>>> print(open('data09.cif').read())   # mmCIF, C-alpha atoms
data_my_file
#
loop_
_atom_site.group_PDB
_atom_site.id
_atom_site.type_symbol
_atom_site.label_atom_id
_atom_site.label_comp_id
_atom_site.auth_asym_id
_atom_site.auth_seq_id
_atom_site.Cartn_x
_atom_site.Cartn_y
_atom_site.Cartn_z
ATOM 1 C CA MET A 1 -17.356 21.110 9.762
ATOM 2 C CA GLU A 2 -15.642 22.865 12.607
ATOM 3 C CA GLU A 3 -11.951 23.359 11.735
ATOM 4 C CA LYS A 4 -10.686 22.176 15.143
ATOM 5 C CA ALA A 5 -12.681 18.949 14.907
ATOM 6 C CA LEU A 6 -11.526 18.415 11.316
ATOM 7 C CA LYS A 7 -7.898 18.873 12.339
ATOM 8 C CA GLU A 8 -8.330 16.315 15.156
ATOM 9 C CA LEU A 9 -9.849 13.842 12.711
ATOM 10 C CA TYR A 10 -7.100 14.586 10.178
ATOM 11 C CA VAL A 11 -4.342 13.898 12.716
ATOM 12 C CA ASP A 12 -6.122 10.720 13.848
ATOM 13 C CA GLU A 13 -6.403 9.505 10.248
ATOM 14 C CA LEU A 14 -2.749 10.344 9.588
ATOM 15 C CA LYS A 15 -1.773 8.270 12.639
ATOM 16 C CA ASP A 16 -3.830 5.400 11.256
ATOM 17 C CA ILE A 17 -2.060 5.614 7.888
ATOM 18 C CA TYR A 18 1.322 5.911 9.595
ATOM 19 C CA SER A 19 0.584 2.722 11.505
ATOM 20 C CA ALA A 20 -0.558 1.048 8.287
ATOM 21 C CA GLU A 21 2.613 2.021 6.440
ATOM 22 C CA THR A 22 4.937 0.923 9.250
ATOM 23 C CA GLN A 23 3.142 -2.435 9.414
ATOM 24 C CA LEU A 24 3.545 -2.768 5.656
ATOM 25 C CA VAL A 25 7.290 -2.082 5.888
ATOM 26 C CA LYS A 26 7.525 -5.207 8.048
ATOM 27 C CA ALA A 27 5.226 -7.319 5.853
ATOM 28 C CA LEU A 28 6.598 -6.602 2.374
ATOM 29 C CA PRO A 29 9.856 -8.564 2.793
ATOM 30 C CA LYS A 30 7.780 -11.633 3.689
ATOM 31 C CA MET A 31 5.597 -11.132 0.617
ATOM 32 C CA ALA A 32 8.714 -10.765 -1.551
ATOM 33 C CA LYS A 33 10.185 -13.961 -0.120
ATOM 34 C CA ALA A 34 6.957 -15.859 -0.851
ATOM 35 C CA ALA A 35 6.708 -14.649 -4.466
ATOM 36 C CA VAL A 36 7.492 -17.234 -7.115
ATOM 37 C CA SER A 37 8.220 -14.962 -10.065
ATOM 38 C CA ALA A 38 11.219 -12.656 -10.057
ATOM 39 C CA ALA A 39 9.026 -9.838 -11.410
ATOM 40 C CA LEU A 40 6.644 -10.018 -8.463
ATOM 41 C CA ARG A 41 9.484 -10.400 -5.954
ATOM 42 C CA ASN A 42 11.201 -7.332 -7.437
ATOM 43 C CA GLY A 43 7.891 -5.451 -7.396
ATOM 44 C CA PHE A 44 7.467 -6.119 -3.682
ATOM 45 C CA GLN A 45 11.056 -5.028 -3.019
ATOM 46 C CA GLU A 46 10.511 -1.826 -5.015
ATOM 47 C CA HIS A 47 7.327 -1.134 -3.112
ATOM 48 C CA LEU A 48 9.159 -1.632 0.179
ATOM 49 C CA THR A 49 11.546 1.179 -0.743
ATOM 50 C CA GLN A 50 8.600 3.309 -1.831
ATOM 51 C CA THR A 51 6.701 2.555 1.389
ATOM 52 C CA GLU A 52 9.688 3.638 3.459
ATOM 53 C CA GLY A 53 9.447 6.921 1.563
ATOM 54 C CA HIS A 54 5.738 7.133 2.425
ATOM 55 C CA VAL A 55 6.638 6.805 6.108
ATOM 56 C CA THR A 56 9.180 9.619 5.738
ATOM 57 C CA ARG A 57 6.606 11.872 4.038
ATOM 58 C CA LEU A 58 4.104 11.213 6.810
ATOM 59 C CA GLU A 59 6.750 12.067 9.393
ATOM 60 C CA GLN A 60 7.312 15.385 7.580
ATOM 61 C CA ILE A 61 3.579 16.115 7.756
ATOM 62 C CA PHE A 62 3.476 15.299 11.470
ATOM 63 C CA GLU A 63 6.479 17.524 12.081
ATOM 64 C CA GLY A 64 4.710 20.379 10.282
ATOM 65 C CA LEU A 65 1.666 19.836 12.481
ATOM 66 C CA GLY A 66 3.725 19.638 15.667
ATOM 67 C CA GLU A 67 2.330 16.147 16.292
ATOM 68 C CA LYS A 68 3.801 12.712 16.966
ATOM 69 C CA PRO A 69 2.944 9.968 14.445
ATOM 70 C CA THR A 70 2.444 7.266 17.054
ATOM 71 C CA GLY A 71 -0.403 6.251 19.297
ATOM 72 C CA LYS A 72 -2.756 4.368 17.032
ATOM 73 C CA LYS A 73 -2.797 0.885 15.500
ATOM 74 C CA CYS A 74 -4.387 0.485 12.096
ATOM 75 C CA GLU A 75 -6.537 -2.603 12.573
ATOM 76 C CA GLY A 76 -7.609 -2.554 8.914
ATOM 77 C CA MET A 77 -4.038 -2.967 7.705
ATOM 78 C CA ALA A 78 -3.374 -5.565 10.387
ATOM 79 C CA GLY A 79 -6.222 -7.641 8.951
ATOM 80 C CA LEU A 80 -5.068 -7.186 5.366
ATOM 81 C CA ILE A 81 -1.515 -8.174 6.302
ATOM 82 C CA LYS A 82 -2.820 -11.231 8.129
ATOM 83 C CA GLU A 83 -4.691 -12.272 4.983
ATOM 84 C CA GLY A 84 -1.568 -11.653 2.904
ATOM 85 C CA GLY A 85 0.432 -13.806 5.292
ATOM 86 C CA GLU A 86 -2.099 -16.578 4.903
ATOM 87 C CA ALA A 87 -1.774 -16.327 1.105
ATOM 88 C CA ALA A 88 2.008 -16.533 1.430
ATOM 89 C CA GLU A 89 1.803 -19.653 3.599
ATOM 90 C CA GLU A 90 -0.647 -21.579 1.411
ATOM 91 C CA ASP A 91 0.669 -24.564 -0.516
ATOM 92 C CA TYR A 92 -0.086 -22.945 -3.868
ATOM 93 C CA GLU A 93 2.584 -23.167 -6.527
ATOM 94 C CA GLY A 94 3.700 -21.064 -9.483
ATOM 95 C CA ASP A 95 1.238 -18.581 -10.939
ATOM 96 C CA VAL A 96 -1.439 -19.615 -8.437
ATOM 97 C CA LYS A 97 0.809 -18.610 -5.517
ATOM 98 C CA ASP A 98 1.672 -15.318 -7.203
ATOM 99 C CA SER A 99 -2.010 -14.686 -7.989
ATOM 100 C CA ALA A 100 -2.858 -15.097 -4.307
ATOM 101 C CA LEU A 101 -0.083 -12.661 -3.368
ATOM 102 C CA ILE A 102 -1.148 -10.145 -6.016
ATOM 103 C CA GLY A 103 -4.727 -10.288 -4.746
ATOM 104 C CA ALA A 104 -3.576 -9.648 -1.195
ATOM 105 C CA ALA A 105 -1.320 -6.805 -2.328
ATOM 106 C CA GLN A 106 -4.062 -5.155 -4.363
ATOM 107 C CA ARG A 107 -6.417 -5.198 -1.381
ATOM 108 C CA VAL A 108 -3.695 -3.336 0.539
ATOM 109 C CA GLU A 109 -3.261 -0.831 -2.302
ATOM 110 C CA HIS A 110 -7.002 -0.155 -2.527
ATOM 111 C CA TYR A 111 -7.132 0.432 1.226
ATOM 112 C CA GLU A 112 -4.230 2.860 0.992
ATOM 113 C CA ILE A 113 -5.704 4.656 -2.022
ATOM 114 C CA ALA A 114 -8.914 5.261 -0.074
ATOM 115 C CA ALA A 115 -7.018 6.404 3.019
ATOM 116 C CA TYR A 116 -4.687 8.780 1.200
ATOM 117 C CA GLY A 117 -7.518 10.232 -0.855
ATOM 118 C CA THR A 118 -9.423 10.978 2.335
ATOM 119 C CA VAL A 119 -6.565 12.658 4.199
ATOM 120 C CA ARG A 120 -5.550 14.631 1.139
ATOM 121 C CA ALA A 121 -9.088 16.052 0.964
ATOM 122 C CA MET A 122 -8.868 16.961 4.656
ATOM 123 C CA ALA A 123 -5.488 18.643 4.119
ATOM 124 C CA GLU A 124 -7.022 20.654 1.269
ATOM 125 C CA LYS A 125 -9.909 21.804 3.492
ATOM 126 C CA LEU A 126 -7.420 22.762 6.211
ATOM 127 C CA GLY A 127 -5.259 24.694 3.731
ATOM 128 C CA ASP A 128 -2.162 22.569 4.401
ATOM 129 C CA ASP A 129 -0.629 22.909 0.925
ATOM 130 C CA LYS A 130 2.644 21.167 1.803
ATOM 131 C CA ALA A 131 0.766 18.129 3.104
ATOM 132 C CA VAL A 132 -1.516 18.137 0.051
ATOM 133 C CA LYS A 133 1.558 17.933 -2.182
ATOM 134 C CA LEU A 134 3.151 15.110 -0.158
ATOM 135 C CA LEU A 135 -0.116 13.162 0.134
ATOM 136 C CA SER A 136 -0.844 13.591 -3.587
ATOM 137 C CA GLN A 137 2.581 12.183 -4.428
ATOM 138 C CA THR A 138 2.002 9.147 -2.230
ATOM 139 C CA LEU A 139 -1.542 8.669 -3.533
ATOM 140 C CA GLN A 140 -0.247 8.599 -7.113
ATOM 141 C CA GLU A 141 2.432 6.067 -6.187
ATOM 142 C CA GLU A 142 -0.198 3.826 -4.583
ATOM 143 C CA LYS A 143 -2.329 4.036 -7.747
ATOM 144 C CA ASP A 144 0.717 3.276 -9.900
ATOM 145 C CA THR A 145 1.543 0.226 -7.778
ATOM 146 C CA ASP A 146 -2.011 -1.045 -8.169
ATOM 147 C CA VAL A 147 -1.688 -0.742 -11.955
ATOM 148 C CA LYS A 148 1.676 -2.561 -11.883
ATOM 149 C CA LEU A 149 0.094 -5.406 -9.915
ATOM 150 C CA SER A 150 -2.769 -5.627 -12.411
ATOM 151 C CA ASN A 151 -0.278 -5.697 -15.286
ATOM 152 C CA LEU A 152 1.671 -8.527 -13.612
ATOM 153 C CA SER A 153 -1.541 -10.473 -13.166
ATOM 154 C CA ASP A 154 -2.516 -9.871 -16.799
ATOM 155 C CA LYS A 155 0.944 -10.941 -17.977
ATOM 156 C CA MET A 156 0.562 -14.234 -16.104
ATOM 157 C CA LYS A 157 -2.734 -14.829 -17.940
ATOM 158 C CA ILE A 158 -1.109 -14.085 -21.300
ATOM 159 C CA GLU A 159 1.767 -16.451 -20.600
ATOM 160 C CA ARG A 160 -0.644 -19.231 -19.616
ATOM 161 C CA GLY A 161 -2.735 -18.559 -22.704
ATOM 162 C CA GLY A 162 0.377 -18.703 -24.877
ATOM 163 C CA GLU A 163 1.430 -21.993 -23.325
ATOM 164 C CA LYS A 164 -2.034 -23.482 -23.934
ATOM 165 C CA ALA A 165 -2.001 -22.281 -27.543
ATOM 166 C CA ALA A 166 1.470 -23.745 -28.096
ATOM 167 C CA ALA A 167 0.422 -27.058 -26.560
ATOM 168 C CA ALA A 168 -2.739 -27.172 -28.680
ATOM 169 C CA SER A 169 -0.772 -26.585 -31.898
ATOM 170 C CA ARG A 170 1.583 -29.520 -31.239
#
>>> encode(input="data09.cif", output="structure tokens")
Amino acid sequence: MEEKALKELYVDELKDIYSAETQLVKALPKMAKAAVSAALRNGFQEHLTQTEGHVTRLEQIFEGLGEKPTGKKCEGMAGLIKEGGEAAEEDYEGDVKDSALIGAAQRVEHYEIAAYGTVRAMAEKLGDDKAVKLLSQTLQEEKDTDVKLSNLSDKMKIERGGEKAAAASR
């Protein structure tokens, strides 16, 4: 692949991720507010802080490239956020509401994992070691968040199972 064309694609993809992250910064407080469990609400608030850090890292990469991070809207994230907003507005209660929110959040995480993995590979091909380090850090945080969401979902199942077992033994 021609290096100039790869760099153009890389910058375009970084702009897409930057747009995605800035959209997520606006959406996460709404997700936190809609969460029923304190653990999920706290998880969304933690991820908001982390996402703000992702934006800062991307800005560092753009600065190193001599580029501006603006100019593109990530339509994929816009769609995922819209779905998450719909989950937040549904009349579900308790664990069902939180399950809907976790599902929406995990779709976002999977999207971000794919995006960061792609741009990290491009940064490697372009020899941008500083960006590779920053993108790798963010990629790992996205993977860790996905695992945390899965663990929250699993914990909800265990609690329900425990309640059913307790009710059956009465």
>>> atom_distance(input="data09.cif", atom1="atom CA of Pro69 of chain A", atom2="atom CA of Ile17 of chain A")
9.3 Å
>>> closest_residue(input="data09.cif", among="A:Thr22, A:Ser136, A:Thr118, A:Asn42", to="Thr70 of chain A", atoms="only C-alpha atoms")
A:Thr22
>>> atom_distance(input="data09.cif", atom1="atom CA of Glu109 of chain A", atom2="atom CA of Asp146 of chain A")
6.0 Å
>>> residues_around(input="data09.cif", residues="segment 48-64 of chain A", least_positions_apart="2", cutoff="9 Å", atoms="all atoms listed in the file", output="number ranges by chain")
A: 11, 14-15, 17-18, 21-22, 24-29, 43-46, 66-69, 130-131, 134-135, 138, 141
>>> write_last_selection(input="data09.cif", atoms="C-alpha atoms", output="JSON list (two decimals), in the frame of the given file")
[["chain", "number", "residue", "atom", "x", "y", "z"],
["A", 11, "VAL", "CA", -4.34, 13.90, 12.72],
["A", 14, "LEU", "CA", -2.75, 10.34, 9.59],
["A", 15, "LYS", "CA", -1.77, 8.27, 12.64],
["A", 17, "ILE", "CA", -2.06, 5.61, 7.89],
["A", 18, "TYR", "CA", 1.32, 5.91, 9.60],
["A", 21, "GLU", "CA", 2.61, 2.02, 6.44],
["A", 22, "THR", "CA", 4.94, 0.92, 9.25],
["A", 24, "LEU", "CA", 3.54, -2.77, 5.66],
["A", 25, "VAL", "CA", 7.29, -2.08, 5.89],
["A", 26, "LYS", "CA", 7.52, -5.21, 8.05],
["A", 27, "ALA", "CA", 5.23, -7.32, 5.85],
["A", 28, "LEU", "CA", 6.60, -6.60, 2.37],
["A", 29, "PRO", "CA", 9.86, -8.56, 2.79],
["A", 43, "GLY", "CA", 7.89, -5.45, -7.40],
["A", 44, "PHE", "CA", 7.47, -6.12, -3.68],
["A", 45, "GLN", "CA", 11.06, -5.03, -3.02],
["A", 46, "GLU", "CA", 10.51, -1.83, -5.01],
["A", 66, "GLY", "CA", 3.72, 19.64, 15.67],
["A", 67, "GLU", "CA", 2.33, 16.15, 16.29],
["A", 68, "LYS", "CA", 3.80, 12.71, 16.97],
["A", 69, "PRO", "CA", 2.94, 9.97, 14.44],
["A", 130, "LYS", "CA", 2.64, 21.17, 1.80],
["A", 131, "ALA", "CA", 0.77, 18.13, 3.10],
["A", 134, "LEU", "CA", 3.15, 15.11, -0.16],
["A", 135, "LEU", "CA", -0.12, 13.16, 0.13],
["A", 138, "THR", "CA", 2.00, 9.15, -2.23],
["A", 141, "GLU", "CA", 2.43, 6.07, -6.19]]
>>> residues_around(input="data09.cif", residues="Glu89 of chain A", least_positions_apart="6", cutoff="12 Å", atoms="all atoms listed in the file", output="list in words")
Lys30, Met31, Lys33, Ala34, Ala35, Lys82, Glu83, Lys97, Asp98, Ala100 and Leu101 of chain A
>>> atom_distance(input="data09.cif", atom1="atom CA of Tyr116 of chain A", atom2="atom CA of Ala20 of chain A")
11.3 Å
>>> closest_atom_pairs(input="data09.cif", of="segment 84-133 of chain A", to="segment 3-8 of chain A", cutoff="10 Å", atoms="all atoms listed in the file", output="Markdown table")
| residue | atom | partner | partner_atom | distance |
| --- | --- | --- | --- | --- |
| A:Met122 | CA | A:Leu6 | CA | 7.3 |
| A:Ala123 | CA | A:Lys7 | CA | 8.6 |
| A:Lys125 | CA | A:Glu3 | CA | 8.6 |
| A:Leu126 | CA | A:Glu3 | CA | 7.2 |
>>> closest_residue(input="data09.cif", among="A:Val132, A:Val96, A:Ile113, A:Ala121", to="Ser37 of chain A", atoms="all atoms listed in the file")
A:Val96
>>> closest_residue(input="data09.cif", among="A:Asp12, A:Asp128, A:Val36, A:Lys73", to="Glu93 of chain A", atoms="all atoms listed in the file")
A:Val36
>>> closest_residue(input="data09.cif", among="A:Leu65, A:Ala78, A:Ala114, A:Ile102", to="Asp154 of chain A", atoms="all atoms listed in the file")
A:Ile102
>>> axis_aligned_box(input="data09.cif", around="segment 12-20 of chain A", padding_each_side="6 Å", output="AutoDock Vina command-line options")
--center_x -2.5 --center_y 5.9 --center_z 10.9 --size_x 19.7 --size_y 21.7 --size_z 18.0
>>> build_atoms(input="data09.cif", residues="segment 79-92 of chain A", atoms="N, CA, C and O atoms", output="PDB file, keeping the file's coordinate frame")
ATOM      1  N   GLY A  79      -5.414  -6.573   9.546  1.00  0.00           N
ATOM      2  CA  GLY A  79      -6.222  -7.641   8.951  1.00  0.00           C
ATOM      3  C   GLY A  79      -5.791  -7.976   7.533  1.00  0.00           C
ATOM      4  O   GLY A  79      -5.707  -9.160   7.158  1.00  0.00           O
ATOM      5  N   LEU A  80      -5.511  -6.949   6.739  1.00  0.00           N
ATOM      6  CA  LEU A  80      -5.068  -7.186   5.366  1.00  0.00           C
ATOM      7  C   LEU A  80      -3.718  -7.900   5.333  1.00  0.00           C
ATOM      8  O   LEU A  80      -3.494  -8.791   4.509  1.00  0.00           O
ATOM      9  N   ILE A  81      -2.828  -7.523   6.234  1.00  0.00           N
ATOM     10  CA  ILE A  81      -1.515  -8.174   6.302  1.00  0.00           C
ATOM     11  C   ILE A  81      -1.665  -9.623   6.752  1.00  0.00           C
ATOM     12  O   ILE A  81      -1.000 -10.523   6.241  1.00  0.00           O
ATOM     13  N   LYS A  82      -2.572  -9.850   7.682  1.00  0.00           N
ATOM     14  CA  LYS A  82      -2.820 -11.231   8.129  1.00  0.00           C
ATOM     15  C   LYS A  82      -3.302 -12.082   6.951  1.00  0.00           C
ATOM     16  O   LYS A  82      -2.826 -13.197   6.751  1.00  0.00           O
ATOM     17  N   GLU A  83      -4.217 -11.540   6.160  1.00  0.00           N
ATOM     18  CA  GLU A  83      -4.691 -12.272   4.983  1.00  0.00           C
ATOM     19  C   GLU A  83      -3.556 -12.511   3.993  1.00  0.00           C
ATOM     20  O   GLU A  83      -3.453 -13.583   3.404  1.00  0.00           O
ATOM     21  N   GLY A  84      -2.714 -11.497   3.801  1.00  0.00           N
ATOM     22  CA  GLY A  84      -1.568 -11.653   2.904  1.00  0.00           C
ATOM     23  C   GLY A  84      -0.611 -12.719   3.399  1.00  0.00           C
ATOM     24  O   GLY A  84      -0.071 -13.500   2.608  1.00  0.00           O
ATOM     25  N   GLY A  85      -0.419 -12.778   4.702  1.00  0.00           N
ATOM     26  CA  GLY A  85       0.432 -13.806   5.292  1.00  0.00           C
ATOM     27  C   GLY A  85      -0.139 -15.194   5.075  1.00  0.00           C
ATOM     28  O   GLY A  85       0.600 -16.148   4.813  1.00  0.00           O
ATOM     29  N   GLU A  86      -1.455 -15.289   5.161  1.00  0.00           N
ATOM     30  CA  GLU A  86      -2.099 -16.578   4.903  1.00  0.00           C
ATOM     31  C   GLU A  86      -1.892 -16.993   3.452  1.00  0.00           C
ATOM     32  O   GLU A  86      -1.617 -18.156   3.165  1.00  0.00           O
ATOM     33  N   ALA A  87      -2.002 -16.032   2.526  1.00  0.00           N
ATOM     34  CA  ALA A  87      -1.774 -16.327   1.105  1.00  0.00           C
ATOM     35  C   ALA A  87      -0.343 -16.797   0.884  1.00  0.00           C
ATOM     36  O   ALA A  87      -0.092 -17.728   0.115  1.00  0.00           O
ATOM     37  N   ALA A  88       0.593 -16.177   1.578  1.00  0.00           N
ATOM     38  CA  ALA A  88       2.008 -16.533   1.430  1.00  0.00           C
ATOM     39  C   ALA A  88       2.298 -17.926   1.966  1.00  0.00           C
ATOM     40  O   ALA A  88       3.188 -18.619   1.457  1.00  0.00           O
ATOM     41  N   GLU A  89       1.549 -18.354   2.970  1.00  0.00           N
ATOM     42  CA  GLU A  89       1.803 -19.653   3.599  1.00  0.00           C
ATOM     43  C   GLU A  89       1.050 -20.808   2.953  1.00  0.00           C
ATOM     44  O   GLU A  89       1.325 -21.968   3.262  1.00  0.00           O
ATOM     45  N   GLU A  90       0.102 -20.513   2.080  1.00  0.00           N
ATOM     46  CA  GLU A  90      -0.647 -21.579   1.411  1.00  0.00           C
ATOM     47  C   GLU A  90       0.298 -22.434   0.570  1.00  0.00           C
ATOM     48  O   GLU A  90       1.372 -21.998   0.171  1.00  0.00           O
ATOM     49  N   ASP A  91      -0.148 -23.631   0.258  1.00  0.00           N
ATOM     50  CA  ASP A  91       0.669 -24.564  -0.516  1.00  0.00           C
ATOM     51  C   ASP A  91       0.514 -24.374  -2.024  1.00  0.00           C
ATOM     52  O   ASP A  91       0.817 -25.280  -2.799  1.00  0.00           O
ATOM     53  N   TYR A  92       0.043 -23.204  -2.441  1.00  0.00           N
ATOM     54  CA  TYR A  92      -0.086 -22.945  -3.868  1.00  0.00           C
ATOM     55  C   TYR A  92       1.292 -22.925  -4.510  1.00  0.00           C
ATOM     56  O   TYR A  92       2.284 -22.628  -3.858  1.00  0.00           O
TER      57      TYR A  92
END
